[in-house]
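A.B. asks: Structure file model10.pdb (PDB, C-alpha atoms, pLDDT in the B column) is given on the next line.
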ATOM      1  CA  MET A 202     -42.071  20.633  -9.435  1.00 48.00           C
ATOM      2  CA  GLN A 203     -39.612  23.198  -8.153  1.00 53.00           C
ATOM      3  CA  THR A 204     -40.484  22.471  -4.529  1.00 53.00           C
ATOM      4  CA  GLN A 205     -39.498  18.807  -4.961  1.00 60.00           C
ATOM      5  CA  GLN A 206     -36.106  19.710  -6.442  1.00 66.00           C
ATOM      6  CA  TRP A 207     -35.274  22.098  -3.586  1.00 65.00           C
ATOM      7  CA  PRO A 208     -34.994  19.389  -0.850  1.00 72.00           C
ATOM      8  CA  VAL A 209     -32.768  17.284  -3.130  1.00 71.00           C
ATOM      9  CA  PHE A 210     -30.552  20.295  -3.767  1.00 70.00           C
ATOM     10  CA  GLN A 211     -30.343  21.003  -0.016  1.00 74.00           C
ATOM     11  CA  LEU A 212     -29.444  17.388   0.710  1.00 73.00           C
ATOM     12  CA  VAL A 213     -26.733  17.304  -1.948  1.00 71.00           C
ATOM     13  CA  SER A 214     -25.361  20.643  -0.736  1.00 69.00           C
ATOM     14  CA  ARG A 215     -25.198  19.470   2.854  1.00 73.00           C
ATOM     15  CA  LEU A 216     -23.506  16.219   1.882  1.00 63.00           C
ATOM     16  CA  LEU A 217     -20.933  18.135  -0.137  1.00 63.00           C
ATOM     17  CA  ILE A 218     -20.190  20.440   2.804  1.00 68.00           C
ATOM     18  CA  LEU A 219     -19.995  17.477   5.203  1.00 58.00           C
ATOM     19  CA  SER A 220     -17.584  15.645   2.900  1.00 58.00           C
ATOM     20  CA  GLN A 221     -15.224  18.622   3.094  1.00 60.00           C
ATOM     21  CA  LEU A 222     -15.236  18.469   6.900  1.00 57.00           C
ATOM     22  CA  VAL A 223     -14.436  14.769   7.198  1.00 56.00           C
ATOM     23  CA  TYR A 224     -10.742  13.876   7.144  1.00 54.00           C
ATOM     24  CA  PHE A 225      -9.843  10.473   5.745  1.00 54.00           C
ATOM     25  CA  SER A 226      -6.486   9.149   6.812  1.00 60.00           C
ATOM     26  CA  TYR A 227      -4.770   6.227   5.174  1.00 79.00           C
ATOM     27  CA  ALA A 228      -1.866   6.303   7.610  1.00 87.00           C
ATOM     28  CA  ASP A 229      -0.985   3.999  10.485  1.00 95.00           C
ATOM     29  CA  VAL A 230      -0.342   5.058  14.064  1.00 97.00           C
ATOM     30  CA  GLY A 231       2.722   3.974  16.018  1.00 97.00           C
ATOM     31  CA  THR A 232       5.584   5.189  18.174  1.00 98.00           C
ATOM     32  CA  ALA A 233       8.976   6.662  17.392  1.00 98.00           C
ATOM     33  CA  ALA A 234      12.229   7.048  19.268  1.00 98.00           C
ATOM     34  CA  GLN A 235      15.510   8.593  18.156  1.00 98.00           C
ATOM     35  CA  TYR A 236      19.058   7.377  17.840  1.00 97.00           C
ATOM     36  CA  SER A 237      22.404   9.117  17.546  1.00 96.00           C
ATOM     37  CA  PRO A 238      25.641   8.442  15.669  1.00 96.00           C
ATOM     38  CA  PRO A 239      27.396   6.205  14.983  1.00 96.00           C
ATOM     39  CA  TYR A 240      24.914   4.990  12.386  1.00 97.00           C
ATOM     40  CA  LEU A 241      27.279   2.642  10.519  1.00 97.00           C
ATOM     41  CA  PRO A 242      27.216  -0.201   9.752  1.00 97.00           C
ATOM     42  CA  THR A 243      23.502  -0.659   9.015  1.00 98.00           C
ATOM     43  CA  ALA A 244      21.510  -3.843   8.497  1.00 98.00           C
ATOM     44  CA  CYS A 245      20.387  -2.637   5.065  1.00 98.00           C
ATOM     45  CA  TYR A 246      23.529  -1.302   3.404  1.00 97.00           C
ATOM     46  CA  GLY A 247      26.489  -2.088   5.646  1.00 97.00           C
ATOM     47  CA  ASP A 248      29.207   0.587   5.623  1.00 97.00           C
ATOM     48  CA  ASP A 249      28.009   2.362   2.457  1.00 97.00           C
ATOM     49  CA  GLN A 250      27.958   6.112   3.251  1.00 96.00           C
ATOM     50  CA  THR A 251      25.767   6.851   0.215  1.00 96.00           C
ATOM     51  CA  GLN A 252      22.778   5.145   1.858  1.00 97.00           C
ATOM     52  CA  PHE A 253      22.000   8.279   3.856  1.00 97.00           C
ATOM     53  CA  PRO A 254      19.897  10.977   2.187  1.00 97.00           C
ATOM     54  CA  SER A 255      21.581  14.389   2.048  1.00 96.00           C
ATOM     55  CA  SER A 256      18.792  15.734   4.270  1.00 97.00           C
ATOM     56  CA  ASN A 257      19.791  13.250   7.022  1.00 97.00           C
ATOM     57  CA  LEU A 258      16.121  12.252   7.275  1.00 98.00           C
ATOM     58  CA  PHE A 259      16.482   8.502   7.758  1.00 98.00           C
ATOM     59  CA  ALA A 260      15.336   5.851  10.193  1.00 98.00           C
ATOM     60  CA  ALA A 261      15.693   2.327  11.514  1.00 98.00           C
ATOM     61  CA  ALA A 262      12.651   0.070  11.213  1.00 98.00           C
ATOM     62  CA  GLY A 263      11.155  -1.558  14.272  1.00 98.00           C
ATOM     63  CA  ASP A 264       9.834  -5.121  14.210  1.00 97.00           C
ATOM     64  CA  GLY A 265       6.381  -3.988  13.063  1.00 95.00           C
ATOM     65  CA  ILE A 266       7.592  -2.599   9.730  1.00 97.00           C
ATOM     66  CA  TRP A 267      10.903  -4.454   9.230  1.00 97.00           C
ATOM     67  CA  ASP A 268       9.303  -7.130   7.030  1.00 97.00           C
ATOM     68  CA  ASN A 269      12.421  -9.361   7.041  1.00 97.00           C
ATOM     69  CA  GLY A 270      14.492  -6.584   5.495  1.00 97.00           C
ATOM     70  CA  ALA A 271      12.031  -5.710   2.733  1.00 98.00           C
ATOM     71  CA  SER A 272      11.605  -2.290   4.354  1.00 98.00           C
ATOM     72  CA  CYS A 273      15.178  -1.304   3.427  1.00 98.00           C
ATOM     73  CA  GLY A 274      15.011   1.742   1.197  1.00 98.00           C
ATOM     74  CA  ARG A 275      11.308   2.343   1.772  1.00 98.00           C
ATOM     75  CA  GLN A 276      10.237   5.934   2.231  1.00 98.00           C
ATOM     76  CA  TYR A 277       7.778   6.870   4.984  1.00 98.00           C
ATOM     77  CA  LEU A 278       5.922  10.074   5.705  1.00 98.00           C
ATOM     78  CA  VAL A 279       6.029  10.620   9.475  1.00 98.00           C
ATOM     79  CA  ARG A 280       4.127  13.122  11.613  1.00 98.00           C
ATOM     80  CA  CYS A 281       4.235  13.588  15.392  1.00 98.00           C
ATOM     81  CA  ILE A 282       0.696  13.420  16.776  1.00 97.00           C
ATOM     82  CA  SER A 283       1.256  13.427  20.547  1.00 97.00           C
ATOM     83  CA  ALA A 284       3.701  12.824  23.371  1.00 97.00           C
ATOM     84  CA  SER A 285       3.711  12.550  27.152  1.00 95.00           C
ATOM     85  CA  GLN A 286       4.703  16.206  27.412  1.00 95.00           C
ATOM     86  CA  PRO A 287       2.374  18.858  25.923  1.00 95.00           C
ATOM     87  CA  GLY A 288       3.872  21.019  23.177  1.00 96.00           C
ATOM     88  CA  THR A 289       6.296  18.339  22.029  1.00 97.00           C
ATOM     89  CA  CYS A 290       5.015  17.987  18.463  1.00 98.00           C
ATOM     90  CA  VAL A 291       5.648  20.534  15.733  1.00 98.00           C
ATOM     91  CA  GLU A 292       2.110  21.135  14.479  1.00 95.00           C
ATOM     92  CA  ASP A 293       1.329  20.230  10.870  1.00 94.00           C
ATOM     93  CA  GLN A 294       4.924  19.108  10.213  1.00 97.00           C
ATOM     94  CA  THR A 295       5.444  15.942   8.167  1.00 98.00           C
ATOM     95  CA  ILE A 296       8.840  14.582   7.184  1.00 98.00           C
ATOM     96  CA  GLN A 297       9.861  11.891   4.705  1.00 98.00           C
ATOM     97  CA  VAL A 298      12.400   9.364   5.960  1.00 98.00           C
ATOM     98  CA  LYS A 299      14.256   6.498   4.309  1.00 98.00           C
ATOM     99  CA  ILE A 300      14.652   3.175   6.128  1.00 98.00           C
ATOM    100  CA  VAL A 301      18.353   2.283   6.330  1.00 98.00           C
ATOM    101  CA  ASP A 302      18.575  -0.012   9.343  1.00 98.00           C
ATOM    102  CA  TYR A 303      16.843  -2.488  11.654  1.00 98.00           C
ATOM    103  CA  ALA A 304      16.260  -0.904  15.087  1.00 97.00           C
ATOM    104  CA  PRO A 305      17.012  -3.958  17.303  1.00 97.00           C
ATOM    105  CA  THR A 306      20.459  -4.368  15.714  1.00 96.00           C
ATOM    106  CA  ALA A 307      21.333  -0.690  15.125  1.00 96.00           C
ATOM    107  CA  GLN A 308      24.866   0.354  16.037  1.00 95.00           C
ATOM    108  CA  SER A 309      23.519   3.029  18.398  1.00 95.00           C
ATOM    109  CA  PRO A 310      20.760   2.215  20.916  1.00 95.00           C
ATOM    110  CA  PRO A 311      17.423   4.038  20.542  1.00 97.00           C
ATOM    111  CA  SER A 312      16.124   6.427  23.198  1.00 96.00           C
ATOM    112  CA  THR A 313      13.245   3.955  23.789  1.00 95.00           C
ATOM    113  CA  GLN A 314      13.082   0.254  22.929  1.00 96.00           C
ATOM    114  CA  SER A 315      10.387  -1.523  20.884  1.00 95.00           C
ATOM    115  CA  THR A 316       9.061   1.422  18.906  1.00 97.00           C
ATOM    116  CA  THR A 317       7.621   1.279  15.400  1.00 97.00           C
ATOM    117  CA  ILE A 318      10.438   3.365  13.984  1.00 98.00           C
ATOM    118  CA  VAL A 319      13.662   4.933  15.269  1.00 98.00           C
ATOM    119  CA  LEU A 320      14.436   8.286  13.675  1.00 98.00           C
ATOM    120  CA  SER A 321      17.812   9.907  13.135  1.00 98.00           C
ATOM    121  CA  GLU A 322      18.520  12.916  15.358  1.00 97.00           C
ATOM    122  CA  THR A 323      17.769  15.257  12.444  1.00 98.00           C
ATOM    123  CA  ALA A 324      14.489  13.530  11.601  1.00 98.00           C
ATOM    124  CA  PHE A 325      13.291  13.407  15.217  1.00 98.00           C
ATOM    125  CA  GLY A 326      14.198  17.064  15.709  1.00 97.00           C
ATOM    126  CA  GLY A 327      12.278  17.986  12.579  1.00 98.00           C
ATOM    127  CA  ILE A 328       8.935  16.983  14.085  1.00 98.00           C
ATOM    128  CA  THR A 329       9.511  17.739  17.776  1.00 98.00           C
ATOM    129  CA  ASN A 330       9.980  20.980  19.697  1.00 96.00           C
ATOM    130  CA  ILE A 331      11.520  19.566  22.870  1.00 94.00           C
ATOM    131  CA  ALA A 332      13.657  16.602  23.890  1.00 93.00           C
ATOM    132  CA  VAL A 333      11.637  13.515  24.839  1.00 96.00           C
ATOM    133  CA  ASN A 334      12.428   9.796  24.623  1.00 97.00           C
ATOM    134  CA  SER A 335       9.496   8.804  22.417  1.00 97.00           C
ATOM    135  CA  ILE A 336       6.500  10.201  20.575  1.00 98.00           C
ATOM    136  CA  ASN A 337       3.289   8.916  19.042  1.00 98.00           C
ATOM    137  CA  ILE A 338       3.324   9.167  15.284  1.00 98.00           C
ATOM    138  CA  GLU A 339       1.205   8.809  12.206  1.00 97.00           C
ATOM    139  CA  PHE A 340       3.134   7.224   9.353  1.00 97.00           C
ATOM    140  CA  GLN A 341       2.479   6.223   5.780  1.00 97.00           C
ATOM    141  CA  GLN A 342       4.595   4.523   3.155  1.00 95.00           C
TER     142      GLN A 342
END
Represent the structure contained in this file as structure tokens.
C.D. replies:
Amino acid sequence: MQTQQWPVFQLVSRLLILSQLVYFSYADVGTAAQYSPPYLPTACYGDDQTQFPSSNLFAAAGDGIWDNGASCGRQYLVRCISASQPGTCVEDQTIQVKIVDYAPTAQSPPSTQSTTIVLSETAFGGITNIAVNSINIEFQQ
């Protein structure tokens, strides 16, 4: 009887080890650019200065996540995953940004058009090591 239990134990052990090696991601992949001041007025909150988090980690939503303005105030976790230039991304760095604007109508033009999200200078600098126009990101609400 013991010999029949041993293969089951080995199978369960291997499955447990394998489950620890597999990474499940519930995030989406997109692109990000950056924009500079002036940031006011915004499509979400107009001229209200209190819309900006004290950390200055905020963003403008691109068409893909704008959702007719429903994205205003949403919080997103954003991580740089790659860029055209090696070494751009800060490894294992994730930031949380608040959507305060709509990228196509933002007061300041983004460094690259038609991205998923346009990050404030502070936010973009928090996940990149060097200056580039756009990066590939993983993001999650």
A.B. asks: Check what the PyMOL selection byres ((chain A and resi 293) around 9) selects in the file above and give those residues as a VMD selection string.
C.D. replies: chain A and resid 280 to 281 290 to 292 294 to 295 328
A.B. asks: May I ask for the distance between atom CA of A:Tyr227 and atom CA of A:Gln341, given in Å to one decimal place?
C.D. replies: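 Atom-to-atom, atom CA of A:Tyr227 to atom CA of A:Gln341, that is 7.3 Å.
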A.B. asks: On this structure, the PyMOL selection byres ((chain A and resi 240) around 8) would catch which residues? List them as a PyMOL selection string, sorted by chain and number.
C.D. replies: chain A and resi 237-239+241-243+307-309
A.B. asks: Give as a ChimeraX atom specification each residue that has an atom at most 9 Å from (0.1, 9.0, 26.4) in the file, counting all atoms listed in the file.
C.D. replies: /A:283-286,336-337
A.B. asks: Residues near A:Ile318, anyone? I mean within 12 Å using all atoms listed in the file, not counting same-chain ones fewer than 2 positions away, as a JSON list (two decimals) with C-alpha atoms, keeping the file's coordinate frame.
C.D. replies:
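File produced: out_10.json:
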[["chain", "number", "residue", "atom", "x", "y", "z"],
["A", 229, "ASP", "CA", -0.98, 4.00, 10.48],
["A", 230, "VAL", "CA", -0.34, 5.06, 14.06],
["A", 231, "GLY", "CA", 2.72, 3.97, 16.02],
["A", 232, "THR", "CA", 5.58, 5.19, 18.17],
["A", 233, "ALA", "CA", 8.98, 6.66, 17.39],
["A", 234, "ALA", "CA", 12.23, 7.05, 19.27],
["A", 235, "GLN", "CA", 15.51, 8.59, 18.16],
["A", 236, "TYR", "CA", 19.06, 7.38, 17.84],
["A", 259, "PHE", "CA", 16.48, 8.50, 7.76],
["A", 260, "ALA", "CA", 15.34, 5.85, 10.19],
["A", 261, "ALA", "CA", 15.69, 2.33, 11.51],
["A", 262, "ALA", "CA", 12.65, 0.07, 11.21],
["A", 263, "GLY", "CA", 11.16, -1.56, 14.27],
["A", 264, "ASP", "CA", 9.83, -5.12, 14.21],
["A", 265, "GLY", "CA", 6.38, -3.99, 13.06],
["A", 266, "ILE", "CA", 7.59, -2.60, 9.73],
["A", 267, "TRP", "CA", 10.90, -4.45, 9.23],
["A", 272, "SER", "CA", 11.60, -2.29, 4.35],
["A", 277, "TYR", "CA", 7.78, 6.87, 4.98],
["A", 278, "LEU", "CA", 5.92, 10.07, 5.70],
["A", 279, "VAL", "CA", 6.03, 10.62, 9.48],
["A", 280, "ARG", "CA", 4.13, 13.12, 11.61],
["A", 298, "VAL", "CA", 12.40, 9.36, 5.96],
["A", 299, "LYS", "CA", 14.26, 6.50, 4.31],
["A", 300, "ILE", "CA", 14.65, 3.18, 6.13],
["A", 301, "VAL", "CA", 18.35, 2.28, 6.33],
["A", 302, "ASP", "CA", 18.58, -0.01, 9.34],
["A", 303, "TYR", "CA", 16.84, -2.49, 11.65],
["A", 304, "ALA", "CA", 16.26, -0.90, 15.09],
["A", 305, "PRO", "CA", 17.01, -3.96, 17.30],
["A", 307, "ALA", "CA", 21.33, -0.69, 15.12],
["A", 311, "PRO", "CA", 17.42, 4.04, 20.54],
["A", 312, "SER", "CA", 16.12, 6.43, 23.20],
["A", 313, "THR", "CA", 13.24, 3.96, 23.79],
["A", 314, "GLN", "CA", 13.08, 0.25, 22.93],
["A", 315, "SER", "CA", 10.39, -1.52, 20.88],
["A", 316, "THR", "CA", 9.06, 1.42, 18.91],
["A", 320, "LEU", "CA", 14.44, 8.29, 13.68],
["A", 321, "SER", "CA", 17.81, 9.91, 13.14],
["A", 324, "ALA", "CA", 14.49, 13.53, 11.60],
["A", 325, "PHE", "CA", 13.29, 13.41, 15.22],
["A", 335, "SER", "CA", 9.50, 8.80, 22.42],
["A", 336, "ILE", "CA", 6.50, 10.20, 20.58],
["A", 337, "ASN", "CA", 3.29, 8.92, 19.04],
["A", 338, "ILE", "CA", 3.32, 9.17, 15.28],
["A", 339, "GLU", "CA", 1.20, 8.81, 12.21],
["A", 340, "PHE", "CA", 3.13, 7.22, 9.35],
["A", 341, "GLN", "CA", 2.48, 6.22, 5.78]]
A.B. asks: Calculate how many Å separate atom CA of A:Asp268 from atom CA of A:Ala228, rounding to one decimal.
C.D. replies: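 These atoms are spaced 17.5 Å apart.
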A.B. asks: What is the distance, in Å and to one decimal place, between atom CA of A:Cys245 and atom CA of A:Thr317?
C.D. replies: 16.9 Å
A.B. asks: Looking at A:Thr323, A:Gly274, A:Val333, A:Asn269, which one is nearest to A:Ser255, with distances taken over only C-alpha atoms?
C.D. replies: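 Using only C-alpha atoms, the shortest distance to A:Ser255 belongs to A:Thr323.
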A.B. asks: Give the answer as one residue: which of A:Gln297, A:Gln211, A:Gln276, A:Asn334 has the shortest atom-to-atom distance to A:Pro310, using all atoms listed in the file?
C.D. replies: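 Result for the nearest residue to A:Pro310: A:Asn334.
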